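**Student:** Following this message is one structure expressed as structure tokens.
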Amino acid sequence: MGELDHTFGLVPVSSVPPSDYEYRAVVNLFYPDVTNPSTVVRVWEFLPGIFLEENLDRDLEWVHAVKPGREVAGRGASERETVRISEEAARRFEAIQALRARTEPEGPRYRYYALLSEFHPAVADPACVGRKWDDGNGYVIEEVYSINCEWVRNWGWSERSECVEIDESAGRRFEEIQAERYRGDLPPGGRFGYAAIARPGSRDEVSSLVRWWTGKHGFRREEDFHPRDSRWREGFTLSNIDAGSFFSDARATEISEKEAERLQGVLVARHRPYFEKEARVYEYFAIIGEGRPVEDPLTVIRVWTPPEGEPVEEQYSEEPGVGWVPSDVRSGVAANAVVRIDERRRYQFGVLQYQRDRRRHNWP
């Protein structure tokens with residue numbers, strides 16, 4: 001059938017459905033029965049040589065199926081299986097999804113596991129707790145409750161560790177156990193050592209911040225400063241520098257607590273534009289005319305408004321690999337040539353543009 005295309009994001013795509021879908025039921029740990037699967041996917045040829053895979057979500061919309069990150073290629077992917085089914089079976093699944101939307105709570109269902117070790121052999125006081133959940137695409141996501149007291153993705157622990165399934169209340173209790181372990185290993189009076197990490201020749205005053213202390217077992221503990229949410233999280237920067245496995249020219253300079261507070265502000269200010277970009281809300285518009293309908297417009301623009309400032313207009317560049325560039329297209333066309341579109345139309349335009357680029361540049 002050809003390779004599936006997974007490059008354009010999680011958005012509805014089909015406006016004129018083809019007649020030759022291939023349907024597959026997705027089964028896993030949470031939904032092992034092919035008659036009651038995690039989801040149903042359909043595969044179809046959107047353009048010659050481009051095959052798309054769509055999931056039926058709980059809003060009963062067929063949306064483009066995006067694989068999670070490469071780390072899922074291990075345990076998460078191995079717990080996901082697809083089984084070819086008929087169109088009739090796929091239609092029956094629509095009723096199942098509608099029932100789930102009405103009767104099941106929003107958010108993922110979790111299964112919790114106590115991870116045991118030589119020093120923590122008891123289920124009531126495990127070394128760690130992991131949980132698994134279905135991401136809606138049929139992939140089983142694995143997480144652990146880290147020493148930073150937050151759930152983080154961590155793949156393969158169920159294969160590396162002795163684990164025992166526990167109920168949700170036991171999993172939640174471990175959050176308090178982990179928090180107490182963390183508090184119990186902090187230095188008396190919060191007396192940390194601080195280091196600024198920099199690279200010679202860099203234009204940046206500092207690339208990262210580290211704080212450290214000696215834990216109750218006599219080992220050095222480290223935490224890195226994360227400017228996204230101004231939190232300190234366990235890290236190994238100093239250890240990696242000592243071992244020569246960090247940037248070979250990185251240098252750690254011991255600094256005072258007051259200087260560390262100042263540099264936290266420097267890092268937050270430096271990264272703020274990137275975080276604000278991730279939080280932008282876009283409106284999309286198709287520019288039509290010259291015989292080009294909204295399904296295949298002349299171009300597509302998007303508009304977003306910064307926290308403080310005027311709306312910004314950007315156009316999808318015709319140059320391959322460039323992406324969105326500053327634009328003032330709307331000011332030069334008639335009002336009826338500007339049509340508001342949704343993510344589905346924006347997505348379709350991206351695919352069509354990619355096809356044009358392939359033909360123009362003779363890409364394989």
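Numbering starts fresh at 1 for the residues of each chain in the structure tokens, the chains themselves are lettered A, B, ... in the order given, and ligands are numbered from 1 as they appear.
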DSSP says strand (DSSP E) for which residues of range 15-140 of chain A? Put them as a PyMOL selection string?
**Tutor:** chain A and resi 22-27+39-47+50-56+62-64+81-85+110-116+128-134+140
**Student:** Give me the residues within 10 Å of Ser158 in chain A as a list in words, counting only C-alpha atoms and dropping any in the same chain fewer than 3 places off.
**Tutor:**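 Listing them by chain and then by number gives Arg75, Tyr113, Ala114, Leu115, Gly130, Arg131, Lys132, Glu142, Asn154, Trp155, Ser161, Glu162, Cys163 and Val164 of chain A.
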**Student:** Restricting the calculation to only C-alpha atoms, which member of A:Ser331, A:Gln97, A:Ser169, A:Asn55 is positioned closest to Tyr110 in chain A?
**Tutor:**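 Closest candidate: A:Ser169.
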**Student:** So which residues touch Glu94 in chain A within 10 Å, counting only C-alpha atoms, skipping near sequence neighbours fewer than 6 positions away, as a list in words?
**Tutor:**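 What passes the distance filter is Thr39, Val40, Leu56, Asp57, Arg58, Asp59, Leu60, Glu61 and Arg100 of chain A.
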**Student:** Pick from A:Phe51, A:Trp212, A:Trp62, A:Tyr194: nearest to Gly235 in chain A, with only C-alpha atoms counted?
**Tutor:** A:Trp212
**Student:** Can you list, as number ranges by chain, all residues belonging to range 38-245 of chain A that DSSP tags as helix (DSSP H, G or I)?
**Tutor:** A: 70-73, 75-78, 87-103, 157-160, 168-184, 188-190, 237-243
**Student:** Can I get the residues of range 156-230 of chain A within 10 Å of range 267-279 of chain A, each with the closest pair of atoms and their distance in Å to one decimal, using only C-alpha atoms, sorted chain first then ascending number, as a Markdown table?
**Tutor:**
| residue | atom | partner | partner_atom | distance |
| --- | --- | --- | --- | --- |
| A:Asp204 | CA | A:Arg270 | CA | 9.5 |
| A:Glu205 | CA | A:Leu267 | CA | 9.5 |
| A:Val206 | CA | A:Leu267 | CA | 7.9 |
| A:Ser207 | CA | A:Leu267 | CA | 7.8 |
| A:Ser208 | CA | A:Leu267 | CA | 7.5 |
| A:Leu209 | CA | A:Leu267 | CA | 8.8 |
| A:Phe225 | CA | A:Leu267 | CA | 9.0 |
| A:His226 | CA | A:Val268 | CA | 8.4 |
| A:Pro227 | CA | A:Val268 | CA | 4.8 |
| A:Arg228 | CA | A:Val268 | CA | 7.0 |
| A:Asp229 | CA | A:Val268 | CA | 8.6 |
| A:Ser230 | CA | A:Val268 | CA | 7.4 |
**Student:** With distances taken over only C-alpha atoms, which of A:Lys216, A:Val129, A:Thr237, A:Tyr182 is nearest to Glu168 in chain A?
**Tutor:**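 Residue with the minimum atom-to-atom distance to Glu168 in chain A: A:Val129.
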**Student:** Give me the residues near range 218-224 of chain A as a JSON list (two decimals) with all heavy atoms, in the first residue's frame, where near means some atom within 7 Å (using only C-alpha atoms) and where sequence neighbours in that chain fewer than 5 positions away do not count.
**Tutor:**
[["chain", "number", "residue", "atom", "x", "y", "z"],
["A", 209, "LEU", "N", 22.01, 26.46, 34.74],
["A", 209, "LEU", "CA", 22.33, 26.59, 36.16],
["A", 209, "LEU", "C", 22.18, 25.25, 36.85],
["A", 209, "LEU", "O", 21.28, 24.47, 36.52],
["A", 209, "LEU", "CB", 21.38, 27.59, 36.84],
["A", 209, "LEU", "CG", 21.64, 29.08, 36.67],
["A", 209, "LEU", "CD1", 20.55, 29.86, 37.38],
["A", 209, "LEU", "CD2", 23.00, 29.46, 37.23],
["A", 210, "VAL", "N", 23.04, 25.02, 37.82],
["A", 210, "VAL", "CA", 22.99, 23.78, 38.60],
["A", 210, "VAL", "C", 23.10, 24.14, 40.08],
["A", 210, "VAL", "O", 23.80, 25.08, 40.45],
["A", 210, "VAL", "CB", 24.16, 22.84, 38.22],
["A", 210, "VAL", "CG1", 24.15, 21.59, 39.09],
["A", 210, "VAL", "CG2", 24.09, 22.46, 36.75],
["A", 211, "ARG", "N", 22.37, 23.40, 40.90],
["A", 211, "ARG", "CA", 22.60, 23.49, 42.34],
["A", 211, "ARG", "C", 22.87, 22.08, 42.85],
["A", 211, "ARG", "O", 22.39, 21.10, 42.28],
["A", 211, "ARG", "CB", 21.41, 24.12, 43.07],
["A", 211, "ARG", "CG", 20.15, 23.28, 43.16],
["A", 211, "ARG", "CD", 19.06, 24.04, 43.90],
["A", 211, "ARG", "NE", 17.87, 23.21, 44.11],
["A", 211, "ARG", "CZ", 16.74, 23.65, 44.68],
["A", 211, "ARG", "NH1", 16.66, 24.91, 45.09],
["A", 211, "ARG", "NH2", 15.71, 22.84, 44.85],
["A", 212, "TRP", "N", 23.65, 22.00, 43.91],
["A", 212, "TRP", "CA", 24.03, 20.68, 44.42],
["A", 212, "TRP", "C", 24.14, 20.71, 45.94],
["A", 212, "TRP", "O", 24.22, 21.76, 46.57],
["A", 212, "TRP", "CB", 25.34, 20.22, 43.79],
["A", 212, "TRP", "CG", 26.57, 20.84, 44.40],
["A", 212, "TRP", "CD1", 27.31, 20.39, 45.46],
["A", 212, "TRP", "CD2", 27.17, 22.07, 44.00],
["A", 212, "TRP", "NE1", 28.34, 21.24, 45.73],
["A", 212, "TRP", "CE2", 28.29, 22.28, 44.85],
["A", 212, "TRP", "CE3", 26.90, 23.01, 43.01],
["A", 212, "TRP", "CZ2", 29.11, 23.40, 44.74],
["A", 212, "TRP", "CZ3", 27.72, 24.12, 42.89],
["A", 212, "TRP", "CH2", 28.80, 24.30, 43.75],
["A", 213, "TRP", "N", 24.13, 19.52, 46.51],
["A", 213, "TRP", "CA", 24.32, 19.34, 47.94],
["A", 213, "TRP", "C", 24.70, 17.89, 48.19],
["A", 213, "TRP", "O", 24.63, 17.05, 47.29],
["A", 213, "TRP", "CB", 23.04, 19.70, 48.71],
["A", 213, "TRP", "CG", 21.89, 18.75, 48.53],
["A", 213, "TRP", "CD1", 21.52, 17.74, 49.37],
["A", 213, "TRP", "CD2", 20.96, 18.72, 47.43],
["A", 213, "TRP", "NE1", 20.41, 17.09, 48.88],
["A", 213, "TRP", "CE2", 20.05, 17.67, 47.70],
["A", 213, "TRP", "CE3", 20.80, 19.47, 46.27],
["A", 213, "TRP", "CZ2", 19.01, 17.35, 46.83],
["A", 213, "TRP", "CZ3", 19.76, 19.15, 45.41],
["A", 213, "TRP", "CH2", 18.88, 18.10, 45.69],
["A", 232, "TRP", "N", 13.47, 23.46, 39.81],
["A", 232, "TRP", "CA", 14.70, 22.69, 39.86],
["A", 232, "TRP", "C", 14.35, 21.21, 39.76],
["A", 232, "TRP", "O", 13.45, 20.73, 40.45],
["A", 232, "TRP", "CB", 15.44, 22.95, 41.17],
["A", 232, "TRP", "CG", 15.96, 24.35, 41.31],
["A", 232, "TRP", "CD1", 15.34, 25.41, 41.90],
["A", 232, "TRP", "CD2", 17.23, 24.84, 40.85],
["A", 232, "TRP", "NE1", 16.12, 26.53, 41.84],
["A", 232, "TRP", "CE2", 17.30, 26.21, 41.20],
["A", 232, "TRP", "CE3", 18.30, 24.26, 40.18],
["A", 232, "TRP", "CZ2", 18.40, 27.01, 40.90],
["A", 232, "TRP", "CZ3", 19.41, 25.05, 39.88],
["A", 232, "TRP", "CH2", 19.45, 26.40, 40.23],
["A", 233, "ARG", "N", 15.06, 20.50, 38.88],
["A", 233, "ARG", "CA", 14.81, 19.07, 38.70],
["A", 233, "ARG", "C", 16.13, 18.31, 38.72],
["A", 233, "ARG", "O", 17.17, 18.84, 38.30],
["A", 233, "ARG", "CB", 14.09, 18.80, 37.38],
["A", 233, "ARG", "CG", 12.66, 19.32, 37.34],
["A", 233, "ARG", "CD", 12.00, 18.98, 36.01],
["A", 233, "ARG", "NE", 10.58, 19.31, 36.00],
["A", 233, "ARG", "CZ", 10.09, 20.49, 35.68],
["A", 233, "ARG", "NH1", 10.92, 21.48, 35.34],
["A", 233, "ARG", "NH2", 8.79, 20.71, 35.70],
["A", 234, "GLU", "N", 16.05, 17.07, 39.17],
["A", 234, "GLU", "CA", 17.25, 16.25, 39.26],
["A", 234, "GLU", "C", 17.98, 16.22, 37.92],
["A", 234, "GLU", "O", 17.38, 16.09, 36.86],
["A", 234, "GLU", "CB", 16.87, 14.82, 39.66],
["A", 234, "GLU", "CG", 18.09, 13.91, 39.86],
["A", 234, "GLU", "CD", 17.70, 12.51, 40.29],
["A", 234, "GLU", "OE1", 16.71, 11.98, 39.76],
["A", 234, "GLU", "OE2", 18.39, 11.95, 41.16],
["A", 235, "GLY", "N", 19.29, 16.37, 37.98],
["A", 235, "GLY", "CA", 20.11, 16.35, 36.78],
["A", 235, "GLY", "C", 21.49, 15.78, 37.07],
["A", 235, "GLY", "O", 21.82, 15.45, 38.21],
["A", 236, "PHE", "N", 22.30, 15.71, 36.02],
["A", 236, "PHE", "CA", 23.63, 15.12, 36.14],
["A", 236, "PHE", "C", 24.67, 15.94, 35.38],
["A", 236, "PHE", "O", 25.66, 15.41, 34.90],
["A", 236, "PHE", "CB", 23.61, 13.67, 35.62],
["A", 236, "PHE", "CG", 22.59, 12.81, 36.30],
["A", 236, "PHE", "CD1", 21.33, 12.63, 35.75],
["A", 236, "PHE", "CD2", 22.87, 12.20, 37.52],
["A", 236, "PHE", "CE1", 20.38, 11.85, 36.37],
["A", 236, "PHE", "CE2", 21.92, 11.42, 38.16],
["A", 236, "PHE", "CZ", 20.67, 11.24, 37.59]]
**Student:** Got a sec: who's within 9 Å of Asp342 in chain A, counting only C-alpha atoms, leaving out chain neighbours fewer than 5 positions off, as a list of chain:residue names?
**Tutor:**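 Listed by chain and then number, they are A:Glu283, A:Tyr284, A:Phe285, A:Tyr347.
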**Student:** Any idea what's packed within 12 Å of Arg360 in chain A, counting only C-alpha atoms, ignoring anything in its chain fewer than 4 positions away? Could you give it as a list in words?
**Tutor:**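 Listed by chain and then number, they are Glu318, Glu319, Pro320, Gln353, Tyr354, Gln355, Arg356 and Pro364 of chain A.
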